[in-house]
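Novice: Okay, handing you the structure first.
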Amino acid sequence: MSIEHDFFGILGDEDEGEVYWSESAELGDQSVEIDLSSPDEESVTAEALDIAAAMIGAMEDLDSQVRESLVADLSAEVSVTSQYIAEQLDEMDQEAIENAIIWDSGDQQIDFLRSLRLQRIGFHPHHNGSEAHFAVLEYAISPDDTDGLLVVTIDVHGDTVLVALDS
């Protein structure tokens, strides 16, 4: 059985039962890989697909909302976001840092967050509860110079559920 959706087209495989879709999209001057996957098409609702399609259509707003949550995370005494910034600044040489940080407001952490590049958004429509990881956004400061990712998990409402490191 397969699912047909206005945005995603025909999803699913009659043999496997899993759902997968991928495409690249433009966000400003960068390309972002977007994928949607579920191990079981039975657990994917039309509403979840509509929400994922709406988030893709409003990717710039989604990105801004997630970055705001990263700024909020900086206010914690110990945060994953500040740990990621410190690790990346330690790992990268000065020239790479200067090339990667494209903002200069005088606040290094804010400039760092504003300079992050959104690499990928992975949607998991079978996780459509308010506390579940509906989508995962992966950010990197300089993909050519470092493998470190700042990974932000959001729920079906676009609210941040988890911020994590992936090295």
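By convention here, the chains of the structure tokens are called A, B, ... in the order presented, each chain's residues are numbered starting at 1, and ligands are numbered starting at 1 in the order presented.
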If we count only C-alpha atoms and set the cut-off at 10 Å, which residues sit around Gly12 in chain A, ignoring sequence neighbours fewer than 2 positions away in its own chain? Please answer as a list of chain:residue names.

Specialist: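 These residues fall inside the cut-off: A:Met1, A:Ser2, A:Ile3, A:Glu4, A:Gly9, A:Ile10, A:Glu14, A:Asp15, A:Glu16, A:Gly17, A:Glu18, A:Val19, A:Tyr20, A:Trp21, A:Ser37, A:Ser38, A:Pro39, A:Asp40, A:Glu41, A:Glu42.
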
Novice: Could you list, as a list in words, every residue within 10 Å of Ser142 in chain A, counting only C-alpha atoms and ignoring same-chain residues fewer than 6 positions away?

Specialist: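 Neighbouring residues, sequence-local ones excluded: Gln88, Met92, Ala96, Ile97, Asn99, Ala100, Ile101, Ser115, Leu116, Arg117, Gly148 and Leu149 of chain A.
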
Novice: Val161 in chain A: which residues within 10 Å, counting only C-alpha atoms, same-chain residues fewer than 6 positions away excluded, as a list in words?

Specialist: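 The contact residues come out as Ser69, Ser130, Glu131, Ala132, His133, Phe134, Ala135, Val136, Val152, Thr153, Ile154 and Asp155 of chain A.
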
Novice: Restricting it to C-alpha atoms, dump the selection as a PDB file, in the first residue's frame.

Specialist:
ATOM      1  CA  SER A  69      15.686  28.582  20.637  1.00  0.00           C
ATOM      2  CA  SER A 130       3.687  17.131  21.064  1.00  0.00           C
ATOM      3  CA  GLU A 131       6.780  15.711  22.819  1.00  0.00           C
ATOM      4  CA  ALA A 132       7.973  13.513  19.969  1.00  0.00           C
ATOM      5  CA  HIS A 133      10.818  14.261  17.552  1.00  0.00           C
ATOM      6  CA  PHE A 134       8.839  15.231  14.472  1.00  0.00           C
ATOM      7  CA  ALA A 135      11.817  16.838  12.726  1.00  0.00           C
ATOM      8  CA  VAL A 136      15.570  17.039  13.178  1.00  0.00           C
ATOM      9  CA  VAL A 152      17.992  20.441  17.040  1.00  0.00           C
ATOM     10  CA  THR A 153      14.938  18.235  17.439  1.00  0.00           C
ATOM     11  CA  ILE A 154      11.508  19.847  17.169  1.00  0.00           C
ATOM     12  CA  ASP A 155       7.985  18.637  17.764  1.00  0.00           C
TER      13      ASP A 155
END

Novice: Counting only C-alpha atoms, figure out which residue out of A:Asp6, A:Glu138, A:Asp73, A:Glu95 gets nearest to Ala53 in chain A.

Specialist: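 So, comparing all the options, the nearest one is A:Asp6.
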
Novice: Report the distance between CA of Phe123 in chain A and CA of Ser24 in chain A in Å, rounded to one decimal place.

Specialist: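 About the pair CA of Phe123 in chain A and CA of Ser24 in chain A: they are 13.5 Å apart.
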
Novice: Quick one: pull the distance between CA of Asn128 in chain A and CA of Leu49 in chain A, Å, one decimal.

Specialist: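 Taking CA of Asn128 in chain A as the start and CA of Leu49 in chain A as the end point, the length is 9.8 Å.
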
Novice: Write out as a PDB file with C-alpha atoms, in the first residue's frame which residues come within 10 Å of range 57-59 of chain A when counting only C-alpha atoms, dropping same-chain ones fewer than 6 positions away.

Specialist:
ATOM      1  CA  PHE A   7       3.231  17.929  -1.879  1.00  0.00           C
ATOM      2  CA  ALA A  25      15.685  23.070  -1.250  1.00  0.00           C
ATOM      3  CA  GLU A  26      17.201  26.536  -1.266  1.00  0.00           C
ATOM      4  CA  LEU A  27      17.443  28.600   1.896  1.00  0.00           C
ATOM      5  CA  VAL A  32      19.483  22.187   2.318  1.00  0.00           C
ATOM      6  CA  ILE A  51       2.450  19.757   8.688  1.00  0.00           C
ATOM      7  CA  GLN A  65      12.420  29.913  15.170  1.00  0.00           C
ATOM      8  CA  ILE A 121      16.094  18.649   7.860  1.00  0.00           C
TER       9      ILE A 121
END

Novice: From chain A, collect each residue whose DSSP state is helix (DSSP H, G or I) and return the set as a ChimeraX atom specification.

Specialist: /A:41-43,46-57,59-74,80-91,94-100,108-115

Novice: Smallest atom-to-atom distance to Leu162 in chain A: which of A:Leu70, A:Ser22, A:Glu33, A:Tyr84, using only C-alpha atoms?

Specialist: A:Leu70

Novice: Could you tell me which of A:Arg120, A:His126, A:Asp104, A:Ile110 comes closest to Ser75 in chain A if we count only C-alpha atoms?

Specialist: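 Checking each candidate against Ser75 in chain A, we get A:Ile110 as the closest.
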
Novice: In Å, rounded to a single decimal, give me how far CA of Ala76 in chain A is from CA of His157 in chain A.

Specialist: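 CA of Ala76 in chain A lies at a distance of 22.9 Å from CA of His157 in chain A.
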